[in-house]
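Heads up, target-v9.pdb below (PDB, C-alpha atoms):
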ATOM      1  CA  MET R 142       0.000   0.000   0.000
ATOM      2  CA  ASN R 143       1.256   3.443  -0.913
ATOM      3  CA  CYS R 144       1.122   5.678   2.120
ATOM      4  CA  ILE R 145       1.952   9.187   3.202
ATOM      5  CA  ILE R 146       2.357  10.851   6.580
ATOM      6  CA  ILE R 147       0.969  14.242   7.541
ATOM      7  CA  ASP R 148       2.239  15.601  10.843
ATOM      8  CA  ASP R 149       3.597  19.012  11.756
ATOM      9  CA  GLU R 150       5.967  17.481  14.289
ATOM     10  CA  ALA R 151       9.299  16.285  12.871
ATOM     11  CA  THR R 152       9.714  13.755  15.687
ATOM     12  CA  ALA R 153       6.366  12.169  14.889
ATOM     13  CA  ARG R 154       7.165  12.048  11.175
ATOM     14  CA  ALA R 155      10.449  10.290  11.938
ATOM     15  CA  ILE R 156       8.789   7.739  14.206
ATOM     16  CA  ILE R 157       5.939   6.931  11.836
ATOM     17  CA  SER R 158       8.366   6.765   8.910
ATOM     18  CA  GLN R 159      10.418   4.226  10.831
ATOM     19  CA  LEU R 160       7.315   2.196  11.613
ATOM     20  CA  CYS R 161       6.314   2.278   7.939
ATOM     21  CA  ASN R 162       9.778   1.250   6.822
ATOM     22  CA  GLN R 163       9.629  -1.713   9.172
ATOM     23  CA  THR R 164       6.365  -2.840   7.590
ATOM     24  CA  PRO R 165       6.870  -4.698   4.297
ATOM     25  CA  SER R 166       3.305  -4.138   3.114
ATOM     26  CA  LEU R 167       3.727  -0.363   3.220
ATOM     27  CA  LYS R 168       5.519   1.851   0.763
ATOM     28  CA  LEU R 169       6.076   5.269   2.257
ATOM     29  CA  LEU R 170       5.908   7.843  -0.516
ATOM     30  CA  GLU R 171       6.216  11.120   1.383
ATOM     31  CA  ALA R 172       5.926  12.752   4.775
ATOM     32  CA  PHE R 173       4.418  16.218   4.946
ATOM     33  CA  PRO R 174       4.597  18.812   7.728
ATOM     34  CA  ASN R 175       1.205  20.246   6.830
ATOM     35  CA  ALA R 176      -2.044  19.301   5.164
ATOM     36  CA  MET R 177      -1.873  21.838   2.353
ATOM     37  CA  GLN R 178       1.256  20.260   0.858
ATOM     38  CA  ALA R 179      -0.379  16.863   1.132
ATOM     39  CA  ILE R 180      -3.504  17.998  -0.714
ATOM     40  CA  LYS R 181      -1.381  19.118  -3.663
ATOM     41  CA  TYR R 182       0.423  15.787  -3.613
ATOM     42  CA  LEU R 183      -2.821  13.810  -3.482
ATOM     43  CA  ASN R 184      -4.046  15.557  -6.611
ATOM     44  CA  GLN R 185      -1.186  14.042  -8.571
ATOM     45  CA  ASN R 186      -0.424  10.740  -6.864
ATOM     46  CA  LYS R 187      -2.225   7.578  -5.923
ATOM     47  CA  VAL R 188      -2.205   7.083  -2.203
ATOM     48  CA  ASP R 189      -3.887   4.162  -0.437
ATOM     49  CA  LEU R 190      -3.346   5.145   3.148
ATOM     50  CA  ILE R 191      -2.629   8.305   5.113
ATOM     51  CA  PHE R 192      -1.222   8.552   8.619
ATOM     52  CA  LEU R 193      -2.774  11.812   9.653
ATOM     53  CA  ASP R 194      -2.106  13.914  12.724
ATOM     54  CA  ILE R 195      -5.214  15.583  14.105
ATOM     55  CA  HIS R 196      -3.737  18.461  16.041
ATOM     56  CA  MET R 197      -2.037  20.733  13.545
ATOM     57  CA  PRO R 198      -2.068  24.512  13.506
ATOM     58  CA  ASP R 199      -4.333  26.334  11.028
ATOM     59  CA  PHE R 200      -5.630  23.216   9.282
ATOM     60  CA  THR R 201      -6.428  20.271  11.527
ATOM     61  CA  GLY R 202      -6.604  16.638  10.502
ATOM     62  CA  PHE R 203     -10.388  16.845  10.562
ATOM     63  CA  ASP R 204     -10.305  19.936   8.320
ATOM     64  CA  PHE R 205      -8.102  17.952   5.966
ATOM     65  CA  ILE R 206     -10.499  14.999   5.815
ATOM     66  CA  GLU R 207     -13.428  17.289   5.142
ATOM     67  CA  SER R 208     -11.550  18.988   2.337
ATOM     68  CA  LEU R 209     -11.195  15.740   0.360
ATOM     69  CA  LYS R 210     -13.905  14.519  -1.976
ATOM     70  CA  ASN R 211     -12.745  10.910  -2.038
ATOM     71  CA  PRO R 212     -10.322  10.487   0.814
ATOM     72  CA  PRO R 213      -8.138   7.381   0.900
ATOM     73  CA  LYS R 214      -8.106   5.218   3.999
ATOM     74  CA  ILE R 215      -6.860   7.167   6.966
ATOM     75  CA  ILE R 216      -5.229   6.173  10.218
ATOM     76  CA  LEU R 217      -5.314   9.055  12.647
ATOM     77  CA  THR R 218      -2.406   9.768  14.941
ATOM     78  CA  THR R 219      -2.590  12.007  17.973
ATOM     79  CA  SER R 220      -1.165  12.672  21.411
ATOM     80  CA  ASP R 221      -4.661  13.010  22.680
ATOM     81  CA  PRO R 222      -7.091  10.116  23.009
ATOM     82  CA  GLN R 223     -10.075  12.385  23.448
ATOM     83  CA  PHE R 224     -10.710  12.719  19.711
ATOM     84  CA  ALA R 225     -11.526   9.044  19.251
ATOM     85  CA  ILE R 226     -15.274   9.318  18.980
ATOM     86  CA  GLN R 227     -15.120  12.217  16.573
ATOM     87  CA  ALA R 228     -12.519  10.356  14.528
ATOM     88  CA  PHE R 229     -14.763   7.412  13.801
ATOM     89  CA  GLU R 230     -17.484   9.654  12.451
ATOM     90  CA  TYR R 231     -15.546   9.653   9.200
ATOM     91  CA  GLU R 232     -16.048   6.678   6.918
ATOM     92  CA  CYS R 233     -12.464   6.831   5.710
ATOM     93  CA  VAL R 234     -10.970   6.581   9.191
ATOM     94  CA  LEU R 235      -9.846   3.035   9.878
ATOM     95  CA  ASP R 236      -8.052   3.429  13.141
ATOM     96  CA  TYR R 237      -6.789   5.814  15.719
ATOM     97  CA  LEU R 238      -3.254   5.641  17.107
ATOM     98  CA  VAL R 239      -2.289   7.432  20.297
ATOM     99  CA  LYS R 240       1.282   8.694  20.436
ATOM    100  CA  PRO R 241       3.799   7.444  21.279
ATOM    101  CA  ILE R 242       2.847   4.760  18.808
ATOM    102  CA  LEU R 243       3.931   1.237  19.648
ATOM    103  CA  GLN R 244       5.014  -1.134  16.901
ATOM    104  CA  GLU R 245       2.460  -3.764  17.835
ATOM    105  CA  ARG R 246      -0.416  -1.276  17.805
ATOM    106  CA  PHE R 247       0.823   0.172  14.530
ATOM    107  CA  ASN R 248       0.878  -3.292  12.963
ATOM    108  CA  LYS R 249      -2.683  -3.885  14.046
ATOM    109  CA  ALA R 250      -3.813  -0.684  12.394
ATOM    110  CA  VAL R 251      -2.008  -1.530   9.171
ATOM    111  CA  GLN R 252      -3.550  -4.976   9.235
ATOM    112  CA  LYS R 253      -6.960  -3.346   9.340
ATOM    113  CA  ALA R 254      -6.049  -1.267   6.317
ATOM    114  CA  LYS R 255      -4.882  -4.355   4.465
ATOM    115  CA  SER R 256      -8.017  -6.238   5.118
ATOM    116  CA  LEU R 257     -10.600  -5.932   2.364
ATOM    117  CA  ASN R 258     -13.406  -6.569   4.756
ATOM    118  CA  VAL R 259     -12.678  -3.874   7.189
ATOM    119  CA  THR R 260     -15.292  -3.836   9.833
ATOM    120  CA  LYS R 261     -15.569  -0.215  10.550
ATOM    121  CA  LEU R 262     -16.425   0.733  14.073
ATOM    122  CA  ASN R 263     -19.354   2.950  13.371
ATOM    123  CA  LEU R 264     -19.911   5.466  16.065
ATOM    124  CA  ASN R 265     -22.103   7.536  13.850
ATOM    125  CA  SER R 266     -23.575  10.075  16.153
ATOM    126  CA  LYS R 267     -27.272  10.002  15.509
ATOM    127  CA  LYS R 268     -27.427   6.246  15.204
ATOM    128  CA  ALA R 269     -25.514   5.927  18.437
ATOM    129  CA  LEU R 270     -28.045   8.081  20.182
ATOM    130  CA  GLU R 271     -30.921   6.081  18.813
ATOM    131  CA  THR R 272     -29.503   2.904  20.313
ATOM    132  CA  PRO R 273     -29.994   1.878  23.945
ATOM    133  CA  LEU R 274     -27.668   4.710  24.878
ATOM    134  CA  GLY R 275     -30.832   6.778  24.936
ATOM    135  CA  ASN R 276     -30.189  10.278  26.148
ATOM    136  CA  ALA R 277     -26.526   9.752  26.767
ATOM    137  CA  LEU R 278     -23.563  11.329  25.084
ATOM    138  CA  TYR R 279     -20.081   9.936  25.571
ATOM    139  CA  ILE R 280     -17.067  12.184  25.586
ATOM    140  CA  ASN R 281     -13.470  11.118  25.764
ATOM    141  CA  ILE R 282     -11.511  12.816  28.514
ATOM    142  CA  ASN R 283      -8.030  11.614  29.367
ATOM    143  CA  ARG R 284      -8.570   8.163  27.909
ATOM    144  CA  ARG R 285     -11.876   7.715  29.725
ATOM    145  CA  LEU R 286     -15.206   7.696  28.000
ATOM    146  CA  ILE R 287     -17.437   9.757  30.208
ATOM    147  CA  LYS R 288     -21.167   9.357  29.956
ATOM    148  CA  ILE R 289     -23.152  12.548  30.066
ATOM    149  CA  ASP R 290     -26.881  12.784  30.430
ATOM    150  CA  ILE R 291     -27.854  15.057  27.558
ATOM    151  CA  SER R 292     -30.633  16.645  29.568
ATOM    152  CA  THR R 293     -28.089  18.035  32.051
ATOM    153  CA  ILE R 294     -26.265  19.993  29.350
ATOM    154  CA  TYR R 295     -27.290  23.620  29.412
ATOM    155  CA  LEU R 296     -24.661  25.356  27.311
ATOM    156  CA  ILE R 297     -22.000  24.511  24.748
ATOM    157  CA  GLU R 298     -19.446  27.102  23.844
ATOM    158  CA  ALA R 299     -16.987  27.007  20.943
ATOM    159  CA  LYS R 300     -13.407  27.641  21.971
ATOM    160  CA  GLY R 301     -11.186  27.387  18.928
ATOM    161  CA  ASP R 302     -10.531  23.731  18.192
ATOM    162  CA  TYR R 303     -12.420  22.763  21.336
ATOM    163  CA  ILE R 304     -15.872  23.053  22.788
ATOM    164  CA  LEU R 305     -16.686  23.754  26.400
ATOM    165  CA  LEU R 306     -19.595  21.595  27.385
ATOM    166  CA  LYS R 307     -21.372  22.854  30.494
ATOM    167  CA  THR R 308     -23.622  20.558  32.458
ATOM    168  CA  GLU R 309     -25.431  20.996  35.745
ATOM    169  CA  HIS R 310     -22.715  18.988  37.442
ATOM    170  CA  LYS R 311     -19.476  19.768  35.697
ATOM    171  CA  ASN R 312     -17.855  21.449  32.719
ATOM    172  CA  TYR R 313     -15.897  19.511  30.102
ATOM    173  CA  THR R 314     -13.479  20.684  27.438
ATOM    174  CA  VAL R 315     -13.634  18.423  24.421
ATOM    175  CA  HIS R 316     -11.846  18.579  21.092
ATOM    176  CA  SER R 317     -14.771  18.964  18.741
ATOM    177  CA  THR R 318     -16.802  21.573  16.954
ATOM    178  CA  LEU R 319     -20.229  23.051  17.534
ATOM    179  CA  LYS R 320     -21.297  21.605  14.202
ATOM    180  CA  LYS R 321     -20.376  18.078  15.270
ATOM    181  CA  ILE R 322     -22.052  18.199  18.638
ATOM    182  CA  GLU R 323     -25.101  19.928  17.208
ATOM    183  CA  GLU R 324     -25.612  16.865  15.013
ATOM    184  CA  LYS R 325     -25.559  14.633  18.083
ATOM    185  CA  LEU R 326     -28.017  16.573  20.158
ATOM    186  CA  PRO R 327     -31.793  16.511  19.783
ATOM    187  CA  SER R 328     -32.753  19.579  17.802
ATOM    188  CA  SER R 329     -36.020  19.848  19.708
ATOM    189  CA  ILE R 330     -34.097  20.840  22.836
ATOM    190  CA  PHE R 331     -30.839  22.310  21.661
ATOM    191  CA  LEU R 332     -30.537  25.411  19.554
ATOM    192  CA  LYS R 333     -27.587  27.275  18.148
ATOM    193  CA  ILE R 334     -28.190  30.903  19.054
ATOM    194  CA  HIS R 335     -24.821  32.292  18.071
ATOM    195  CA  ARG R 336     -21.871  31.031  16.039
ATOM    196  CA  SER R 337     -20.143  30.214  19.326
ATOM    197  CA  TYR R 338     -23.048  28.975  21.434
ATOM    198  CA  ILE R 339     -25.606  26.188  21.557
ATOM    199  CA  ILE R 340     -28.092  26.270  24.404
ATOM    200  CA  ASN R 341     -30.586  23.901  25.931
ATOM    201  CA  VAL R 342     -33.782  25.897  25.440
ATOM    202  CA  LEU R 343     -35.409  24.172  28.417
ATOM    203  CA  LYS R 344     -32.850  25.808  30.690
ATOM    204  CA  ILE R 345     -33.527  29.396  29.644
ATOM    205  CA  ILE R 346     -34.371  31.683  32.537
ATOM    206  CA  ASP R 347     -35.094  34.824  30.584
ATOM    207  CA  ILE R 348     -34.363  36.614  27.350
ATOM    208  CA  GLU R 349     -33.461  40.220  27.043
ATOM    209  CA  ASP R 350     -32.779  42.011  23.758
ATOM    210  CA  ASN R 351     -29.916  40.079  22.219
ATOM    211  CA  SER R 352     -29.003  37.835  25.087
ATOM    212  CA  VAL R 353     -30.290  34.827  26.961
ATOM    213  CA  LEU R 354     -29.908  34.163  30.660
ATOM    214  CA  ILE R 355     -29.256  30.492  31.125
ATOM    215  CA  LYS R 356     -28.314  29.264  34.583
ATOM    216  CA  LYS R 357     -26.199  32.197  35.735
ATOM    217  CA  GLU R 358     -24.720  32.954  32.354
ATOM    218  CA  VAL R 359     -25.619  35.631  29.885
ATOM    219  CA  VAL R 360     -25.218  34.267  26.372
ATOM    220  CA  PRO R 361     -25.393  36.424  23.243
ATOM    221  CA  VAL R 362     -28.009  35.732  20.583
ATOM    222  CA  SER R 363     -27.032  36.621  17.046
ATOM    223  CA  ARG R 364     -29.482  38.530  14.912
ATOM    224  CA  SER R 365     -29.771  35.697  12.401
ATOM    225  CA  ASN R 366     -30.530  33.091  15.073
ATOM    226  CA  ARG R 367     -33.003  35.173  17.057
ATOM    227  CA  PRO R 368     -36.101  34.388  14.898
ATOM    228  CA  GLU R 369     -35.628  30.639  15.408
ATOM    229  CA  LEU R 370     -35.212  31.132  19.131
ATOM    230  CA  MET R 371     -38.391  33.197  19.308
ATOM    231  CA  LYS R 372     -40.253  30.471  17.409
ATOM    232  CA  ARG R 373     -39.303  27.959  20.066
ATOM    233  CA  LEU R 374     -40.740  29.983  22.903
ATOM    234  CA  ASN R 375     -44.190  29.473  24.226
ATOM    235  CA  LEU R 376     -44.969  33.165  23.936
ATOM    236  CA  LEU R 377     -48.122  34.469  25.548
TER     237      LEU R 377
ATOM    238  CA  MET I 235      10.976  13.678  40.413
ATOM    239  CA  GLU I 236      10.315  11.287  37.564
ATOM    240  CA  GLN I 237      13.312  11.012  35.240
ATOM    241  CA  PRO I 238      13.268  10.634  31.448
ATOM    242  CA  ASN I 239      14.451   7.483  29.762
ATOM    243  CA  LEU I 240      15.005   6.119  26.270
ATOM    244  CA  ASN I 241      13.003   2.931  26.680
ATOM    245  CA  TYR I 242      10.559   3.829  23.930
ATOM    246  CA  VAL I 243      13.281   5.092  21.610
ATOM    247  CA  ASN I 244      15.290   1.905  22.168
ATOM    248  CA  GLN I 245      12.244  -0.273  21.630
ATOM    249  CA  LEU I 246      11.415   1.512  18.388
ATOM    250  CA  SER I 247      15.000   1.519  17.138
ATOM    251  CA  GLY I 248      15.860  -2.079  17.923
ATOM    252  CA  THR I 249      19.318  -2.589  16.514
ATOM    253  CA  ASP I 250      18.981   0.344  14.149
ATOM    254  CA  ASN I 251      21.434   2.716  15.777
ATOM    255  CA  VAL I 252      21.370   5.063  12.822
ATOM    256  CA  PHE I 253      17.671   5.641  13.317
ATOM    257  CA  LYS I 254      18.115   5.996  17.064
ATOM    258  CA  ALA I 255      20.755   8.691  16.596
ATOM    259  CA  LYS I 256      18.596  10.427  13.994
ATOM    260  CA  LEU I 257      15.556  10.430  16.248
ATOM    261  CA  ILE I 258      17.478  11.817  19.211
ATOM    262  CA  THR I 259      18.905  14.535  16.994
ATOM    263  CA  ILE I 260      15.416  15.492  15.840
ATOM    264  CA  ILE I 261      14.089  15.573  19.399
ATOM    265  CA  LYS I 262      17.042  17.677  20.545
ATOM    266  CA  LYS I 263      16.425  20.101  17.708
ATOM    267  CA  GLU I 264      12.638  20.262  17.953
ATOM    268  CA  PHE I 265      12.189  20.363  21.712
ATOM    269  CA  PRO I 266      13.899  23.764  22.272
ATOM    270  CA  ASP I 267      11.740  25.333  19.550
ATOM    271  CA  GLU I 268       8.534  23.966  21.074
ATOM    272  CA  LYS I 269       9.699  25.018  24.532
ATOM    273  CA  ALA I 270      10.520  28.542  23.355
ATOM    274  CA  LEU I 271       7.119  28.875  21.712
ATOM    275  CA  TYR I 272       5.420  27.660  24.887
ATOM    276  CA  PHE I 273       7.198  30.252  27.042
ATOM    277  CA  GLU I 274       6.537  32.979  24.485
ATOM    278  CA  ASN I 275       2.833  32.188  24.501
ATOM    279  CA  MET I 276       2.753  32.059  28.298
ATOM    280  CA  ASN I 277       4.612  35.348  28.618
ATOM    281  CA  ASN I 278       2.126  36.944  26.240
ATOM    282  CA  LYS I 279      -0.763  35.341  28.115
ATOM    283  CA  LYS I 280      -1.874  33.582  24.938
ATOM    284  CA  PHE I 281      -3.171  30.617  26.884
ATOM    285  CA  LYS I 282      -4.972  28.876  24.054
ATOM    286  CA  GLU I 283      -1.836  28.991  21.939
ATOM    287  CA  ALA I 284       0.167  27.879  24.959
ATOM    288  CA  ALA I 285      -2.197  24.898  25.261
ATOM    289  CA  GLY I 286      -1.264  24.029  21.678
ATOM    290  CA  SER I 287       2.414  24.171  22.646
ATOM    291  CA  VAL I 288       1.784  21.932  25.646
ATOM    292  CA  HIS I 289      -0.038  19.549  23.344
ATOM    293  CA  LYS I 290       3.061  19.262  21.160
ATOM    294  CA  LEU I 291       5.381  18.942  24.154
ATOM    295  CA  LYS I 292       3.207  16.129  25.510
ATOM    296  CA  HIS I 293       4.472  13.885  22.732
ATOM    297  CA  LYS I 294       8.091  14.482  23.739
ATOM    298  CA  ILE I 295       7.123  13.846  27.362
ATOM    299  CA  SER I 296       5.587  10.507  26.481
ATOM    300  CA  ILE I 297       8.441   9.511  24.143
ATOM    301  CA  LEU I 298      10.826  10.048  27.040
ATOM    302  CA  GLY I 299       8.797   7.732  29.254
ATOM    303  CA  LEU I 300       7.503  10.372  31.657
ATOM    304  CA  GLU I 301       4.129   8.841  32.394
ATOM    305  CA  ASN I 302       3.177  10.875  35.473
ATOM    306  CA  SER I 303       4.448  14.037  33.846
ATOM    307  CA  TYR I 304       2.265  13.298  30.851
ATOM    308  CA  GLU I 305      -0.807  13.307  33.088
ATOM    309  CA  ILE I 306       0.299  16.626  34.589
ATOM    310  CA  ALA I 307       0.672  18.030  31.081
ATOM    311  CA  VAL I 308      -2.807  16.810  30.107
ATOM    312  CA  LYS I 309      -4.370  18.632  33.057
ATOM    313  CA  PHE I 310      -2.306  21.750  32.451
ATOM    314  CA  GLU I 311      -3.376  21.833  28.806
ATOM    315  CA  GLU I 312      -7.005  21.629  29.901
ATOM    316  CA  ASN I 313      -6.492  24.444  32.388
ATOM    317  CA  LEU I 314      -4.871  26.657  29.774
ATOM    318  CA  LEU I 315      -7.821  26.124  27.485
ATOM    319  CA  GLU I 316      -9.957  27.561  30.237
ATOM    320  CA  ASN I 317      -7.545  30.469  30.724
ATOM    321  CA  ARG I 318      -6.186  29.081  33.970
ATOM    322  CA  THR I 319      -2.494  28.640  34.653
ATOM    323  CA  ILE I 320      -2.918  26.053  37.401
ATOM    324  CA  GLY I 321      -0.186  23.463  36.984
ATOM    325  CA  LYS I 322       2.306  25.814  35.348
ATOM    326  CA  GLU I 323       5.013  25.318  37.963
ATOM    327  CA  ASP I 324       4.804  21.546  37.724
ATOM    328  CA  PHE I 325       4.808  21.649  33.948
ATOM    329  CA  ASP I 326       7.759  24.050  33.844
ATOM    330  CA  ALA I 327       9.640  21.693  36.157
ATOM    331  CA  ILE I 328       9.040  18.862  33.666
ATOM    332  CA  ILE I 329      10.370  21.045  30.869
ATOM    333  CA  THR I 330      13.485  21.734  32.919
ATOM    334  CA  VAL I 331      14.021  18.041  33.609
ATOM    335  CA  ILE I 332      13.760  17.244  29.901
ATOM    336  CA  THR I 333      16.043  20.137  28.968
ATOM    337  CA  ASN I 334      18.693  18.854  31.339
ATOM    338  CA  TYR I 335      18.245  15.277  30.190
ATOM    339  CA  LEU I 336      18.599  16.131  26.507
ATOM    340  CA  LYS I 337      21.909  17.825  27.295
ATOM    341  CA  THR I 338      23.236  14.458  28.440
ATOM    342  CA  LEU I 339      22.384  12.684  25.178
TER     343      LEU I 339
END

Structure encoded using structure tokens:
Amino acid sequence: MNCIIIDDEATARAIISQLCNQTPSLKLLEAFPNAMQAIKYLNQNKVDLIFLDIHMPDFTGFDFIESLKNPPKIILTTSDPQFAIQAFEYECVLDYLVKPILQERFNKAVQKAKSLNVTKLNLNSKKALETPLGNALYININRRLIKIDISTIYLIEAKGDYILLKTEHKNYTVHSTLKKIEEKLPSSIFLKIHRSYIINVLKIIDIEDNSVLIKKEVVPVSRSNRPELMKRLNLL
Amino acid sequence: MEQPNLNYVNQLSGTDNVFKAKLITIIKKEFPDEKALYFENMNNKKFKEAAGSVHKLKHKISILGLENSYEIAVKFEENLLENRTIGKEDFDAIITVITNYLKTL
């Protein structure tokens, strides 16, 4: 299999290159320090497999995947296990390797890629929620999958590459986007009221001009989202 | 305090001493740059960017076998993302330990 590596960290590129070179079934074509260079390369070369770092400045691994029309098989690499659930939302993602990558674990991932009958672990968000998980959402924090009762979430705030998920019990910082979590939450309860905020409409205390009071927090409502919010209210 | 080691590097290299030397050279070159960027971001109170630097440094921490330090770095990164600097002293101490260790290689 022809493969490439995309990772902004030279150390990671060296390690993954070594692992590839030790694997007879892989032919390492190139290693790129950023996704943009890789996109150009992919336009002109046939690549079967990409080892892709998630956490890169400017253009993340997830941005890269979404930029490709027909992405090859991808094995994600990261120092952070908390992206796992998000990672498997992409059809092209075969596996997820946490750095530092061990040879044995690497081999397993490559074996998956080699197999024609890859059984993809499908953690597709909506389907997952329709299963016996019911009203639960799992987030990965420090290698632990933490179950959160969706009804306890009152606010989700975008913070760059992360979202801050606020529940009645605790706040969680998760590497994800508002768009992704919005897809996982029931639209009857959760509403995006600003490009940086999703709220649980059941938790609203009051609304004033262009802001919502939810718990003890004042959250801005953008002009474009205000009509939808007003529709949701049981206005007298 | 927990001390770095080359267990992972040795395991990965096997008998390939050329690769081992190359990898150590890369780490020795890349670590100071990542460290400098981390301190620059901290000094400028750019905590989100500093969290990104910590994220990168975490890989070096784990490569050098510092398991407890890795956990400290994880928590510190989370704190920085919430504009808190709790854990900075511990993290800076880890950086110092690695700096000193790399000088011995």

When you draw a straight line from atom CA of Gly248 of chain I to atom CA of Leu339 of chain I, how long is it in Å? 17.7 Å

Do you have the atom CA of Asp267 of chain I-atom CA of Gly202 of chain R distance handy?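 Computing it gives 22.2 Å between the two atoms.
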
For the contact check between chain I and chain R, emit one row per residue of chain I within 9 Å, containing the shortest atom pair and the distance in Å rounded to one decimal, counting all atoms listed in the file, chain then rising number order, as JSON lines.
{"residue": "I:Tyr242", "atom": "CA", "partner": "R:Pro241", "partner_atom": "CA", "distance": 8.1}
{"residue": "I:Gln245", "atom": "CA", "partner": "R:Leu243", "partner_atom": "CA", "distance": 8.7}
{"residue": "I:Leu246", "atom": "CA", "partner": "R:Gln244", "partner_atom": "CA", "distance": 7.1}
{"residue": "I:Ser247", "atom": "CA", "partner": "R:Gln159", "partner_atom": "CA", "distance": 8.3}
{"residue": "I:Phe253", "atom": "CA", "partner": "R:Gln159", "partner_atom": "CA", "distance": 7.8}
{"residue": "I:Lys256", "atom": "CA", "partner": "R:Ala155", "partner_atom": "CA", "distance": 8.4}
{"residue": "I:Leu257", "atom": "CA", "partner": "R:Ala155", "partner_atom": "CA", "distance": 6.7}
{"residue": "I:Ile258", "atom": "CA", "partner": "R:Thr152", "partner_atom": "CA", "distance": 8.7}
{"residue": "I:Ile260", "atom": "CA", "partner": "R:Thr152", "partner_atom": "CA", "distance": 6.0}
{"residue": "I:Ile261", "atom": "CA", "partner": "R:Thr152", "partner_atom": "CA", "distance": 6.0}
{"residue": "I:Glu264", "atom": "CA", "partner": "R:Ala151", "partner_atom": "CA", "distance": 7.3}
{"residue": "I:Lys282", "atom": "CA", "partner": "R:Gly301", "partner_atom": "CA", "distance": 8.2}
{"residue": "I:Gly286", "atom": "CA", "partner": "R:Pro198", "partner_atom": "CA", "distance": 8.2}
{"residue": "I:His289", "atom": "CA", "partner": "R:Ser220", "partner_atom": "CA", "distance": 7.2}
{"residue": "I:Lys290", "atom": "CA", "partner": "R:Glu150", "partner_atom": "CA", "distance": 7.7}
{"residue": "I:Lys292", "atom": "CA", "partner": "R:Ser220", "partner_atom": "CA", "distance": 6.9}
{"residue": "I:His293", "atom": "CA", "partner": "R:Ser220", "partner_atom": "CA", "distance": 5.9}
{"residue": "I:Lys294", "atom": "CA", "partner": "R:Thr152", "partner_atom": "CA", "distance": 8.2}
{"residue": "I:Ser296", "atom": "CA", "partner": "R:Pro241", "partner_atom": "CA", "distance": 6.3}
{"residue": "I:Ile297", "atom": "CA", "partner": "R:Pro241", "partner_atom": "CA", "distance": 5.8}
{"residue": "I:Glu305", "atom": "CA", "partner": "R:Asn283", "partner_atom": "CA", "distance": 8.3}
{"residue": "I:Val308", "atom": "CA", "partner": "R:Asn283", "partner_atom": "CA", "distance": 7.4}
{"residue": "I:Lys309", "atom": "CA", "partner": "R:Asn283", "partner_atom": "CA", "distance": 8.7}
{"residue": "I:Glu312", "atom": "CA", "partner": "R:Thr314", "partner_atom": "CA", "distance": 7.0}
{"residue": "I:Leu315", "atom": "CA", "partner": "R:Thr314", "partner_atom": "CA", "distance": 7.8}
{"residue": "I:Glu316", "atom": "CA", "partner": "R:Thr314", "partner_atom": "CA", "distance": 8.2}

Using the chain letters and numbers from the file, give me the residues hit by the PyMOL selection byres ((chain I and resi 307) around 10), as a PyMOL selection string. chain I and resi 285+288-289+291-292+295+301-306+308-313+321-322+324-326+328

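For the residues R:Lys187, R:Pro174, R:Thr318, R:Gln252, ranking by smallest atom-to-atom distance to Phe203 of chain R using only C-alpha atoms places R:Thr318 first.
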
Residue nearest Val243 of chain I among I:Leu298, I:Met276, I:Leu271, I:Ala284 (counting all atoms listed in the file):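 The shortest atom-to-atom distance to Val243 of chain I comes from I:Leu298.
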